file input21.cif (mmCIF, C-alpha atoms)
data_structure
loop_
_atom_site.group_PDB
_atom_site.id
_atom_site.type_symbol
_atom_site.label_atom_id
_atom_site.label_comp_id
_atom_site.auth_asym_id
_atom_site.auth_seq_id
_atom_site.Cartn_x
_atom_site.Cartn_y
_atom_site.Cartn_z
ATOM 1 C CA MET A 58 124.935 121.130 104.498
ATOM 2 C CA ARG A 59 128.288 122.813 104.995
ATOM 3 C CA PHE A 60 130.127 122.462 108.268
ATOM 4 C CA SER A 61 133.037 124.433 109.679
ATOM 5 C CA LEU A 62 135.799 122.340 111.227
ATOM 6 C CA ASP A 63 136.676 125.164 113.610
ATOM 7 C CA TRP A 64 133.116 125.229 114.878
ATOM 8 C CA LEU A 65 132.977 121.427 115.191
ATOM 9 C CA LYS A 66 136.158 121.611 117.264
ATOM 10 C CA ASP A 67 134.194 123.491 119.935
ATOM 11 C CA TYR A 68 132.352 120.243 120.648
ATOM 12 C CA VAL A 69 134.662 117.412 119.631
ATOM 13 C CA ASP A 70 138.377 116.805 119.463
ATOM 14 C CA ILE A 71 139.395 116.654 115.786
ATOM 15 C CA LYS A 72 142.995 115.921 114.874
ATOM 16 C CA GLU A 73 142.221 114.759 111.329
ATOM 17 C CA SER A 74 142.487 117.004 108.285
ATOM 18 C CA ALA A 75 139.334 117.897 106.367
ATOM 19 C CA ALA A 76 140.081 115.172 103.800
ATOM 20 C CA GLU A 77 140.578 112.499 106.461
ATOM 21 C CA LEU A 78 137.422 113.541 108.272
ATOM 22 C CA ALA A 79 135.445 113.457 105.004
ATOM 23 C CA GLU A 80 136.709 109.941 104.304
ATOM 24 C CA LEU A 81 135.784 108.852 107.821
ATOM 25 C CA LEU A 82 132.258 110.233 107.565
ATOM 26 C CA SER A 83 131.703 108.898 104.045
ATOM 27 C CA LEU A 84 132.614 105.364 105.054
ATOM 28 C CA HIS A 85 130.678 105.327 108.312
ATOM 29 C CA SER A 86 127.553 107.377 107.858
ATOM 30 C CA LEU A 87 127.093 110.280 105.437
ATOM 31 C CA GLU A 88 128.573 111.186 102.077
ATOM 32 C CA THR A 89 131.011 114.061 102.602
ATOM 33 C CA GLU A 90 133.058 116.282 100.329
ATOM 34 C CA VAL A 91 135.876 118.680 101.116
ATOM 35 C CA ILE A 92 135.325 122.319 100.199
ATOM 36 C CA ASP A 93 138.559 123.683 101.707
ATOM 37 C CA GLU A 94 140.775 122.993 104.748
ATOM 38 C CA ASN A 95 138.129 124.280 107.099
ATOM 39 C CA ILE A 96 134.837 123.491 105.360
ATOM 40 C CA ILE A 97 133.267 120.127 104.568
ATOM 41 C CA GLU A 98 129.984 119.531 102.796
ATOM 42 C CA VAL A 99 127.914 116.715 104.268
ATOM 43 C CA GLU A 100 125.010 115.281 102.306
ATOM 44 C CA VAL A 101 122.512 114.638 105.087
ATOM 45 C CA THR A 102 120.003 111.916 104.168
ATOM 46 C CA PRO A 103 116.341 112.224 105.203
ATOM 47 C CA ASN A 104 116.765 109.709 108.050
ATOM 48 C CA ARG A 105 119.536 111.714 109.707
ATOM 49 C CA GLY A 106 117.897 114.991 110.662
ATOM 50 C CA ASP A 107 119.996 114.915 113.846
ATOM 51 C CA CYS A 108 123.077 115.757 111.735
ATOM 52 C CA LEU A 109 121.625 119.045 110.485
ATOM 53 C CA SER A 110 123.492 120.987 113.173
ATOM 54 C CA HIS A 111 127.109 121.355 114.231
ATOM 55 C CA GLN A 112 126.319 119.812 117.611
ATOM 56 C CA GLY A 113 124.586 116.873 115.945
ATOM 57 C CA LEU A 114 127.433 116.202 113.533
ATOM 58 C CA ALA A 115 129.964 116.544 116.360
ATOM 59 C CA ARG A 116 128.071 113.803 118.206
ATOM 60 C CA GLU A 117 128.216 111.616 115.102
ATOM 61 C CA ILE A 118 131.963 112.183 114.696
ATOM 62 C CA GLN A 119 132.559 111.338 118.351
ATOM 63 C CA ALA A 120 130.522 108.148 117.958
ATOM 64 C CA ILE A 121 132.533 107.066 114.903
ATOM 65 C CA LYS A 122 135.847 107.826 116.574
ATOM 66 C CA SER A 123 135.080 106.089 119.853
ATOM 67 C CA CYS A 124 134.036 102.839 118.193
ATOM 68 C CA ARG A 125 137.288 102.516 116.283
ATOM 69 C CA MET B 38 121.015 97.405 37.127
ATOM 70 C CA GLU B 39 123.126 98.244 40.107
ATOM 71 C CA LYS B 40 122.083 96.848 43.412
ATOM 72 C CA LYS B 41 121.418 99.305 46.166
ATOM 73 C CA LYS B 42 123.213 98.418 49.377
ATOM 74 C CA ILE B 43 121.099 98.579 52.484
ATOM 75 C CA PRO B 44 123.222 99.364 55.533
ATOM 76 C CA ILE B 45 122.889 96.957 58.425
ATOM 77 C CA GLY B 46 122.217 98.449 61.820
ATOM 78 C CA GLN B 47 123.569 97.288 65.134
ATOM 79 C CA LEU B 48 122.507 97.052 68.721
ATOM 80 C CA HIS B 49 122.466 100.219 70.786
ATOM 81 C CA PRO B 50 125.266 100.235 73.406
ATOM 82 C CA LEU B 51 122.696 100.196 76.208
ATOM 83 C CA THR B 52 120.928 97.219 74.664
ATOM 84 C CA GLN B 53 124.264 95.419 74.491
ATOM 85 C CA ILE B 54 124.911 96.094 78.164
ATOM 86 C CA GLN B 55 121.377 95.010 79.031
ATOM 87 C CA TYR B 56 121.751 91.709 77.158
ATOM 88 C CA GLN B 57 125.126 91.034 78.790
ATOM 89 C CA THR B 58 123.651 91.737 82.211
ATOM 90 C CA GLU B 59 120.628 89.541 81.551
ATOM 91 C CA ASP B 60 122.839 86.679 80.369
ATOM 92 C CA PHE B 61 125.004 86.890 83.469
ATOM 93 C CA PHE B 62 122.043 86.730 85.823
ATOM 94 C CA LYS B 63 120.192 84.082 83.822
ATOM 95 C CA ASN B 64 123.227 81.849 84.343
ATOM 96 C CA LEU B 65 122.807 82.345 88.085
ATOM 97 C CA GLY B 66 119.180 81.237 87.882
ATOM 98 C CA PHE B 67 117.512 84.652 87.888
ATOM 99 C CA SER B 68 114.367 85.327 85.886
ATOM 100 C CA VAL B 69 114.192 88.479 83.805
ATOM 101 C CA VAL B 70 110.955 90.358 84.430
ATOM 102 C CA GLU B 71 109.630 93.452 82.715
ATOM 103 C CA GLU B 72 107.314 95.761 84.586
ATOM 104 C CA ASP B 73 105.192 98.673 83.400
ATOM 105 C CA GLU B 74 106.882 102.017 82.871
ATOM 106 C CA ILE B 75 103.721 103.756 84.023
ATOM 107 C CA SER B 76 103.150 103.096 87.679
ATOM 108 C CA ASN B 77 101.071 104.738 90.345
ATOM 109 C CA GLU B 78 101.892 106.547 93.551
ATOM 110 C CA PHE B 79 101.174 103.464 95.616
ATOM 111 C CA TYR B 80 103.779 101.244 93.948
ATOM 112 C CA ASN B 81 106.275 104.032 93.271
ATOM 113 C CA PHE B 82 106.166 105.468 96.813
ATOM 114 C CA ASP B 83 103.720 104.269 99.469
ATOM 115 C CA ALA B 84 104.379 100.537 99.081
ATOM 116 C CA LEU B 85 108.109 101.226 99.320
ATOM 117 C CA ASN B 86 107.790 102.808 102.743
ATOM 118 C CA ILE B 87 107.782 106.389 101.418
ATOM 119 C CA PRO B 88 104.585 107.946 102.880
ATOM 120 C CA PRO B 89 103.246 111.211 101.335
ATOM 121 C CA ASP B 90 104.918 113.452 103.931
ATOM 122 C CA HIS B 91 108.298 111.744 103.746
ATOM 123 C CA PRO B 92 111.218 113.982 102.738
ATOM 124 C CA ALA B 93 112.618 111.216 100.537
ATOM 125 C CA ARG B 94 109.849 111.983 98.018
ATOM 126 C CA ASP B 95 111.596 115.242 97.228
ATOM 127 C CA GLU B 96 114.728 113.403 96.186
ATOM 128 C CA MET B 97 112.951 111.740 93.315
ATOM 129 C CA ASP B 98 111.519 114.343 90.986
ATOM 130 C CA THR B 99 108.730 112.334 89.509
ATOM 131 C CA PHE B 100 106.697 112.933 86.377
ATOM 132 C CA TYR B 101 102.985 112.916 87.144
ATOM 133 C CA LEU B 102 100.486 112.139 84.388
ATOM 134 C CA SER B 103 97.247 114.095 84.154
ATOM 135 C CA ASP B 104 95.235 111.107 85.460
ATOM 136 C CA GLY B 105 97.357 110.933 88.633
ATOM 137 C CA ARG B 106 99.517 108.008 87.615
ATOM 138 C CA VAL B 107 103.293 108.453 87.538
ATOM 139 C CA LEU B 108 106.157 107.497 85.267
ATOM 140 C CA ARG B 109 108.234 105.238 87.467
ATOM 141 C CA ALA B 110 111.161 107.046 89.069
ATOM 142 C CA HIS B 111 112.969 103.786 89.786
ATOM 143 C CA THR B 112 112.562 100.142 88.827
ATOM 144 C CA SER B 113 111.886 99.395 92.503
ATOM 145 C CA ALA B 114 108.330 100.471 91.657
ATOM 146 C CA GLY B 115 107.830 96.905 90.417
ATOM 147 C CA GLN B 116 108.914 95.229 93.672
ATOM 148 C CA VAL B 117 105.654 95.135 95.589
ATOM 149 C CA LYS B 118 103.653 94.488 92.419
ATOM 150 C CA TYR B 119 105.741 91.392 91.761
ATOM 151 C CA LEU B 120 105.658 90.277 95.400
ATOM 152 C CA GLU B 121 101.869 90.479 95.446
ATOM 153 C CA LYS B 122 101.530 88.148 92.484
ATOM 154 C CA HIS B 123 104.302 85.641 93.127
ATOM 155 C CA GLN B 124 104.992 83.328 96.002
ATOM 156 C CA PRO B 125 108.621 83.530 97.225
ATOM 157 C CA PRO B 126 111.300 82.169 97.004
ATOM 158 C CA PHE B 127 112.378 83.806 93.752
ATOM 159 C CA ARG B 128 115.252 85.621 92.105
ATOM 160 C CA ILE B 129 114.481 88.279 89.531
ATOM 161 C CA ILE B 130 116.116 91.146 87.727
ATOM 162 C CA VAL B 131 114.016 93.936 86.270
ATOM 163 C CA PRO B 132 115.753 95.973 83.584
ATOM 164 C CA GLY B 133 113.938 99.003 82.322
ATOM 165 C CA ARG B 134 113.610 102.674 81.657
ATOM 166 C CA CYS B 135 112.952 105.174 84.444
ATOM 167 C CA TYR B 136 112.037 108.829 84.383
ATOM 168 C CA ARG B 137 112.932 111.765 86.583
ATOM 169 C CA ASN B 138 111.886 115.338 86.171
ATOM 170 C CA GLU B 139 115.273 116.939 86.647
ATOM 171 C CA ARG B 140 117.736 119.097 84.784
ATOM 172 C CA THR B 141 120.122 117.162 82.595
ATOM 173 C CA ASP B 142 123.888 117.342 82.893
ATOM 174 C CA SER B 143 126.763 115.047 81.952
ATOM 175 C CA THR B 144 125.810 112.487 84.607
ATOM 176 C CA HIS B 145 122.028 112.935 84.803
ATOM 177 C CA ASP B 146 119.361 112.508 82.174
ATOM 178 C CA TRP B 147 115.589 112.717 82.546
ATOM 179 C CA GLN B 148 115.237 109.195 81.226
ATOM 180 C CA PHE B 149 117.648 106.452 82.100
ATOM 181 C CA HIS B 150 117.822 102.687 82.442
ATOM 182 C CA GLN B 151 118.100 100.765 85.646
ATOM 183 C CA PHE B 152 118.273 97.145 86.428
ATOM 184 C CA GLU B 153 116.690 96.112 89.607
ATOM 185 C CA CYS B 154 117.423 92.909 91.409
ATOM 186 C CA LEU B 155 115.152 91.301 93.961
ATOM 187 C CA VAL B 156 115.959 88.070 95.718
ATOM 188 C CA VAL B 157 113.596 86.692 98.337
ATOM 189 C CA ASP B 158 114.214 83.494 100.249
ATOM 190 C CA LYS B 159 114.184 82.179 103.804
ATOM 191 C CA ASP B 160 117.886 82.518 104.480
ATOM 192 C CA ILE B 161 119.250 85.512 102.605
ATOM 193 C CA ARG B 162 121.999 87.679 104.005
ATOM 194 C CA ILE B 163 124.179 90.608 103.006
ATOM 195 C CA ALA B 164 126.996 88.155 102.275
ATOM 196 C CA HIS B 165 124.916 86.727 99.421
ATOM 197 C CA PHE B 166 124.387 89.977 97.610
ATOM 198 C CA LYS B 167 127.973 91.034 98.145
ATOM 199 C CA ALA B 168 129.237 87.836 96.548
ATOM 200 C CA ILE B 169 126.825 88.061 93.616
ATOM 201 C CA LEU B 170 127.723 91.703 92.997
ATOM 202 C CA GLU B 171 131.446 91.045 93.125
ATOM 203 C CA ALA B 172 131.026 88.257 90.593
ATOM 204 C CA PHE B 173 128.946 90.528 88.363
ATOM 205 C CA PHE B 174 131.389 93.438 88.420
ATOM 206 C CA GLY B 175 134.256 91.005 87.889
ATOM 207 C CA ALA B 176 132.531 89.681 84.768
ATOM 208 C CA MET B 177 131.667 93.171 83.539
ATOM 209 C CA PHE B 178 134.846 95.135 84.247
ATOM 210 C CA GLY B 179 137.569 92.519 84.719
ATOM 211 C CA GLU B 180 138.622 90.412 87.649
ATOM 212 C CA LYS B 181 140.734 93.099 89.301
ATOM 213 C CA THR B 182 137.653 95.216 90.009
ATOM 214 C CA GLN B 183 137.259 96.097 93.659
ATOM 215 C CA MET B 184 133.977 96.839 95.337
ATOM 216 C CA ARG B 185 133.116 98.527 98.595
ATOM 217 C CA LEU B 186 129.880 99.143 100.449
ATOM 218 C CA ARG B 187 129.162 102.462 102.139
ATOM 219 C CA PRO B 188 126.197 103.128 104.364
ATOM 220 C CA GLY B 189 123.368 104.777 102.464
ATOM 221 C CA PHE B 190 119.732 105.573 103.012
ATOM 222 C CA PHE B 191 116.775 104.348 101.009
ATOM 223 C CA PRO B 192 113.431 104.082 102.780
ATOM 224 C CA PHE B 193 112.692 100.640 101.322
ATOM 225 C CA VAL B 194 115.818 98.870 102.563
ATOM 226 C CA GLU B 195 117.338 98.358 105.974
ATOM 227 C CA PRO B 196 120.306 98.405 106.203
ATOM 228 C CA GLY B 197 120.982 100.326 102.997
ATOM 229 C CA PHE B 198 124.223 100.612 101.062
ATOM 230 C CA GLU B 199 125.818 102.641 98.354
ATOM 231 C CA VAL B 200 127.983 100.470 96.161
ATOM 232 C CA ASP B 201 131.300 101.833 94.854
ATOM 233 C CA ILE B 202 133.706 100.127 92.503
ATOM 234 C CA ARG B 203 137.139 100.805 91.093
ATOM 235 C CA ARG B 204 138.931 98.944 88.349
ATOM 236 C CA SER B 205 142.396 99.177 89.872
ATOM 237 C CA PRO B 206 143.744 100.266 93.275
ATOM 238 C CA LYS B 207 145.018 103.513 91.719
ATOM 239 C CA ASP B 208 141.591 104.644 90.478
ATOM 240 C CA ARG B 209 139.028 106.756 92.252
ATOM 241 C CA TRP B 210 135.967 105.028 93.708
ATOM 242 C CA LEU B 211 132.964 105.366 91.409
ATOM 243 C CA GLU B 212 129.452 105.216 92.743
ATOM 244 C CA MET B 213 127.387 102.503 91.080
ATOM 245 C CA GLY B 214 124.024 102.575 92.816
ATOM 246 C CA GLY B 215 122.067 101.600 95.879
ATOM 247 C CA ALA B 216 121.403 98.266 97.493
ATOM 248 C CA GLY B 217 120.188 96.774 100.732
ATOM 249 C CA MET B 218 118.108 94.244 102.586
ATOM 250 C CA VAL B 219 114.380 94.589 101.855
ATOM 251 C CA HIS B 220 112.643 96.595 104.589
ATOM 252 C CA PRO B 221 110.055 94.609 106.616
ATOM 253 C CA GLU B 222 107.443 97.308 105.838
ATOM 254 C CA VAL B 223 107.799 96.572 102.129
ATOM 255 C CA PHE B 224 107.071 92.887 102.760
ATOM 256 C CA LYS B 225 104.078 93.821 104.920
ATOM 257 C CA ASN B 226 102.721 96.056 102.142
ATOM 258 C CA ALA B 227 102.853 93.046 99.818
ATOM 259 C CA LYS B 228 101.253 90.731 102.434
ATOM 260 C CA VAL B 229 104.434 88.682 102.781
ATOM 261 C CA ASP B 230 105.504 87.688 106.272
ATOM 262 C CA PRO B 231 108.819 89.457 107.054
ATOM 263 C CA GLU B 232 109.447 87.039 109.931
ATOM 264 C CA VAL B 233 109.728 84.172 107.458
ATOM 265 C CA TRP B 234 111.059 85.776 104.278
ATOM 266 C CA LYS B 235 114.185 87.853 103.864
ATOM 267 C CA GLY B 236 115.477 89.474 100.736
ATOM 268 C CA PHE B 237 117.849 91.899 99.153
ATOM 269 C CA ALA B 238 117.438 94.344 96.325
ATOM 270 C CA TRP B 239 119.516 96.765 94.339
ATOM 271 C CA GLY B 240 119.092 99.246 91.546
ATOM 272 C CA PHE B 241 121.941 100.129 89.218
ATOM 273 C CA GLY B 242 122.045 102.383 86.202
ATOM 274 C CA LEU B 243 122.848 100.667 82.916
ATOM 275 C CA GLU B 244 124.200 103.967 81.566
ATOM 276 C CA ARG B 245 126.640 104.099 84.467
ATOM 277 C CA ILE B 246 127.955 100.648 83.672
ATOM 278 C CA ALA B 247 128.315 101.502 79.978
ATOM 279 C CA MET B 248 130.049 104.802 80.805
ATOM 280 C CA ILE B 249 132.615 103.100 83.017
ATOM 281 C CA LYS B 250 133.104 100.184 80.659
ATOM 282 C CA TRP B 251 133.774 102.326 77.582
ATOM 283 C CA GLY B 252 134.985 105.533 79.185
ATOM 284 C CA ILE B 253 132.047 107.651 77.972
ATOM 285 C CA ASP B 254 131.941 111.041 79.666
ATOM 286 C CA ASP B 255 128.438 112.268 78.844
ATOM 287 C CA ILE B 256 125.225 110.361 79.584
ATOM 288 C CA ARG B 257 123.236 112.458 77.115
ATOM 289 C CA LEU B 258 125.051 110.860 74.166
ATOM 290 C CA PHE B 259 123.054 107.639 74.632
ATOM 291 C CA HIS B 260 119.768 109.204 73.613
ATOM 292 C CA SER B 261 121.191 111.774 71.212
ATOM 293 C CA GLY B 262 120.693 109.441 68.243
ATOM 294 C CA ASP B 263 124.094 110.522 66.937
ATOM 295 C CA LEU B 264 125.306 107.794 64.570
ATOM 296 C CA ARG B 265 128.942 108.887 64.915
ATOM 297 C CA PHE B 266 128.610 107.896 68.552
ATOM 298 C CA LEU B 267 126.467 104.780 68.124
ATOM 299 C CA ARG B 268 128.617 103.229 65.393
ATOM 300 C CA GLN B 269 131.579 102.981 67.719
ATOM 301 C CA PHE B 270 130.141 100.033 69.637
#
call {"tool": "encode", "arguments": {"input": "input21.cif", "output": "structure tokens"}}
result
Amino acid sequence: MRFSLDWLKDYVDIKESAAELAELLSLHSLETEVIDENIIEVEVTPNRGDCLSHQGLAREIQAIKSCR
Amino acid sequence: MEKKKIPIGQLHPLTQIQYQTEDFFKNLGFSVVEEDEISNEFYNFDALNIPPDHPARDEMDTFYLSDGRVLRAHTSAGQVKYLEKHQPPFRIIVPGRCYRNERTDSTHDWQFHQFECLVVDKDIRIAHFKAILEAFFGAMFGEKTQMRLRPGFFPFVEPGFEVDIRRSPKDRWLEMGGAGMVHPEVFKNAKVDPEVWKGFAWGFGLERIAMIKWGIDDIRLFHSGDLRFLRQF
């Protein structure tokens, strides 16, 4: 599923670039590719239905960032 | 009378990789087991914690035979079958051909080879499979090979990993396959007590290994039967 960084920023504080965010997500939870500076494509696995929304992914990003 | 020369053939590149892999794991005390290529829905899905309504079934486009059996979509189909018949502890690898009903491109083919590993013992941890894998990739691609584990999802392991390798720090990470600790449900389906026995498993593509080892860019060449390709190995 494709996500907009601008939209995610409504819910969570993102200072990283799309590439850095993709790397972060790939290494912690879901495989992510960069489409352009504002769009990332996240491959949501069947066990992570909660990440099929911008709010859900924002929660995931916050969780990853706060445990670092 | 002039003698007619009969050309001598040679081993297919995938067979070479398979033999090398088998030798490596035999030295570590693994047994090499072959399982049937035709499986059924129980062993291919249900026994591996993929119930009929599970979305993970969609990810594997399986060939169904007219009598309801299936061509195995992964070598993991042999896991529960083997567990039912053999008393742990054991260490096995299962090399073999798998089938998926999908469109072919340079990295996907409808038939491919996997080698599955299954280790079951009382005290098995992630550290064990990481060490064994690092040794294997070191032997296959050279000692400088680096490996990393990313979280991944497969219904029959918990936790599950995707394994990436790169041959030097400058290279891109290449995905090798999936691995993980055997899910307790899988043990229960095979009537093995998950409180006592632990295990890990992985499934890697032999084509993938050959492609990285020799720098081949199209998976379809392996089954093309093109002698110009095959004679290079």
call {"tool": "resolve_selection", "arguments": {"input": "input21.cif", "expression": "the PyMOL selection byres ((chain B and resi 211) around 10)", "output": "PyMOL selection string"}}
result
chain B and resi 184-185+200-204+208-210+212-214+245+249
call {"tool": "atom_distance", "arguments": {"input": "input21.cif", "atom1": "atom CA of Ser76 of chain B", "atom2": "atom CA of Ile161 of chain B"}}
result
28.1 Å
call {"tool": "resolve_selection", "arguments": {"input": "input21.cif", "expression": "the PyMOL selection byres ((chain A) within 7 of (chain B))", "output": "ChimeraX atom specification"}}
result
/A:84-86,102-103
call {"tool": "residues_around", "arguments": {"input": "input21.cif", "residues": "Gly115 of chain B", "least_positions_apart": "6", "cutoff": "12 Å", "atoms": "only C-alpha atoms", "output": "PyMOL selection string"}}
result
chain B and resi 70-82+84-85+108-109+121-122+129-135+151-155+223+227+238+240
call {"tool": "atom_distance", "arguments": {"input": "input21.cif", "atom1": "atom CA of Val233 of chain B", "atom2": "atom CA of Val157 of chain B"}}
result
10.2 Å
call {"tool": "atom_distance", "arguments": {"input": "input21.cif", "atom1": "atom CA of Ile121 of chain A", "atom2": "atom CA of Leu78 of chain A"}}
result
10.5 Å
call {"tool": "resolve_selection", "arguments": {"input": "input21.cif", "expression": "the PyMOL selection byres ((chain A and resi 118) around 9)", "output": "PyMOL selection string"}}
result
chain A and resi 69+71+78+81-82+113-117+119-123
call {"tool": "residues_around", "arguments": {"input": "input21.cif", "residues": "Pro50 of chain B", "least_positions_apart": "6", "cutoff": "12 Å", "atoms": "all atoms listed in the file", "output": "MDAnalysis selection string"}}
result
chainID B and resid 56:57 150 243:248 250:251 253 256 258:260 262 264 266:270
call {"tool": "closest_residue", "arguments": {"input": "input21.cif", "among": "B:Pro44, B:Pro89, B:Pro126, B:Gly215", "to": "Ser113 of chain B", "atoms": "only C-alpha atoms"}}
result
B:Gly215
call {"tool": "closest_residue", "arguments": {"input": "input21.cif", "among": "A:Tyr68, A:Ala76, A:Gly106, A:Phe60", "to": "Val91 of chain A", "atoms": "all atoms listed in the file"}}
result
A:Ala76
call {"tool": "residues_near_point", "arguments": {"input": "input21.cif", "point": "(107.3, 95.9, 103.0)", "cutoff": "10 Å", "atoms": "all atoms listed in the file", "output": "PDB file with C-alpha atoms, in the frame of the given file"}}
result
ATOM      1  CA  ASP B  83     103.720 104.269  99.469  1.00  0.00           C
ATOM      2  CA  ALA B  84     104.379 100.537  99.081  1.00  0.00           C
ATOM      3  CA  LEU B  85     108.109 101.226  99.320  1.00  0.00           C
ATOM      4  CA  ASN B  86     107.790 102.808 102.743  1.00  0.00           C
ATOM      5  CA  GLN B 116     108.914  95.229  93.672  1.00  0.00           C
ATOM      6  CA  VAL B 117     105.654  95.135  95.589  1.00  0.00           C
ATOM      7  CA  LEU B 120     105.658  90.277  95.400  1.00  0.00           C
ATOM      8  CA  PHE B 193     112.692 100.640 101.322  1.00  0.00           C
ATOM      9  CA  VAL B 194     115.818  98.870 102.563  1.00  0.00           C
ATOM     10  CA  VAL B 219     114.380  94.589 101.855  1.00  0.00           C
ATOM     11  CA  HIS B 220     112.643  96.595 104.589  1.00  0.00           C
ATOM     12  CA  PRO B 221     110.055  94.609 106.616  1.00  0.00           C
ATOM     13  CA  GLU B 222     107.443  97.308 105.838  1.00  0.00           C
ATOM     14  CA  VAL B 223     107.799  96.572 102.129  1.00  0.00           C
ATOM     15  CA  PHE B 224     107.071  92.887 102.760  1.00  0.00           C
ATOM     16  CA  LYS B 225     104.078  93.821 104.920  1.00  0.00           C
ATOM     17  CA  ASN B 226     102.721  96.056 102.142  1.00  0.00           C
ATOM     18  CA  ALA B 227     102.853  93.046  99.818  1.00  0.00           C
ATOM     19  CA  LYS B 228     101.253  90.731 102.434  1.00  0.00           C
ATOM     20  CA  VAL B 229     104.434  88.682 102.781  1.00  0.00           C
ATOM     21  CA  ASP B 230     105.504  87.688 106.272  1.00  0.00           C
ATOM     22  CA  PRO B 231     108.819  89.457 107.054  1.00  0.00           C
TER      23      PRO B 231
END
call {"tool": "residues_around", "arguments": {"input": "input21.cif", "residues": "Trp147 of chain B", "least_positions_apart": "2", "cutoff": "9 Å", "atoms": "all atoms listed in the file", "output": "number ranges by chain"}}
result
B: 135-141, 145, 149
call {"tool": "write_last_selection", "arguments": {"input": "input21.cif", "atoms": "C-alpha atoms", "output": "compact mmCIF listing (two decimals), keeping the file's coordinate frame"}}
result
# COMPACT_ATOMS: atom_id res chain seq x y z
CA CYS B 135 112.95 105.17 84.44
CA TYR B 136 112.04 108.83 84.38
CA ARG B 137 112.93 111.76 86.58
CA ASN B 138 111.89 115.34 86.17
CA GLU B 139 115.27 116.94 86.65
CA ARG B 140 117.74 119.10 84.78
CA THR B 141 120.12 117.16 82.60
CA HIS B 145 122.03 112.94 84.80
CA PHE B 149 117.65 106.45 82.10
call {"tool": "closest_residue", "arguments": {"input": "input21.cif", "among": "A:Ala79, A:Glu73, A:Ser110, A:Lys66", "to": "Glu98 of chain A", "atoms": "all atoms listed in the file"}}
result
A:Ala79
call {"tool": "closest_residue", "arguments": {"input": "input21.cif", "among": "B:Glu232, B:Asp98, B:Glu180, B:Asp104", "to": "Asp160 of chain B", "atoms": "all atoms listed in the file"}}
result
B:Glu232
call {"tool": "axis_aligned_box", "arguments": {"input": "input21.cif", "around": "segment 143-161 of chain B", "padding_each_side": "8 Å", "output": "lines of an AutoDock Vina configuration file"}}
result
center_x = 120.2
center_y = 98.6
center_z = 92.9
size_x = 29.2
size_y = 48.9
size_z = 39.3
call {"tool": "residues_around", "arguments": {"input": "input21.cif", "residues": "Ile97 of chain A", "least_positions_apart": "2", "cutoff": "8 Å", "atoms": "only C-alpha atoms", "output": "list in words"}}
result
Arg59, Phe60, Ser61, Leu62, Ala75, Ala79, Thr89, Glu90, Val91, Ile92, Asp93, Asn95 and Val99 of chain A
call {"tool": "decode", "arguments": {"input": "input21.cif", "residues": "segment 82-91 of chain A", "atoms": "N, CA, C and O atoms", "output": "JSON list (two decimals), in the first residue's frame"}}
result
[["chain", "number", "residue", "atom", "x", "y", "z"],
["A", 82, "LEU", "N", 11.58, 1.35, 8.53],
["A", 82, "LEU", "CA", 10.45, 0.42, 8.51],
["A", 82, "LEU", "C", 10.88, -0.98, 8.05],
["A", 82, "LEU", "O", 10.48, -1.98, 8.62],
["A", 83, "SER", "N", 11.73, -1.02, 7.02],
["A", 83, "SER", "CA", 12.17, -2.32, 6.50],
["A", 83, "SER", "C", 12.88, -3.13, 7.56],
["A", 83, "SER", "O", 12.72, -4.33, 7.65],
["A", 84, "LEU", "N", 13.71, -2.46, 8.36],
["A", 84, "LEU", "CA", 14.50, -3.19, 9.35],
["A", 84, "LEU", "C", 13.73, -3.52, 10.62],
["A", 84, "LEU", "O", 14.14, -4.38, 11.38],
["A", 85, "HIS", "N", 12.61, -2.81, 10.86],
["A", 85, "HIS", "CA", 11.89, -3.07, 12.10],
["A", 85, "HIS", "C", 10.59, -3.82, 11.91],
["A", 85, "HIS", "O", 10.16, -4.53, 12.81],
["A", 86, "SER", "N", 9.90, -3.61, 10.80],
["A", 86, "SER", "CA", 8.63, -4.31, 10.69],
["A", 86, "SER", "C", 8.27, -4.72, 9.26],
["A", 86, "SER", "O", 8.20, -5.89, 8.98],
["A", 87, "LEU", "N", 8.06, -3.76, 8.36],
["A", 87, "LEU", "CA", 7.53, -4.11, 7.05],
["A", 87, "LEU", "C", 8.42, -3.62, 5.92],
["A", 87, "LEU", "O", 9.01, -2.55, 5.99],
["A", 88, "GLU", "N", 8.51, -4.46, 4.87],
["A", 88, "GLU", "CA", 9.34, -4.11, 3.73],
["A", 88, "GLU", "C", 8.80, -2.87, 3.04],
["A", 88, "GLU", "O", 7.62, -2.80, 2.69],
["A", 89, "THR", "N", 9.65, -1.86, 2.85],
["A", 89, "THR", "CA", 9.21, -0.58, 2.32],
["A", 89, "THR", "C", 10.10, -0.10, 1.20],
["A", 89, "THR", "O", 11.32, -0.25, 1.25],
["A", 90, "GLU", "N", 9.47, 0.46, 0.16],
["A", 90, "GLU", "CA", 10.24, 1.04, -0.93],
["A", 90, "GLU", "C", 9.88, 2.51, -1.09],
["A", 90, "GLU", "O", 8.78, 2.93, -0.73],
["A", 91, "VAL", "N", 10.82, 3.28, -1.64],
["A", 91, "VAL", "CA", 10.56, 4.70, -1.87],
["A", 91, "VAL", "C", 10.02, 4.88, -3.27],
["A", 91, "VAL", "O", 10.57, 4.35, -4.24]]
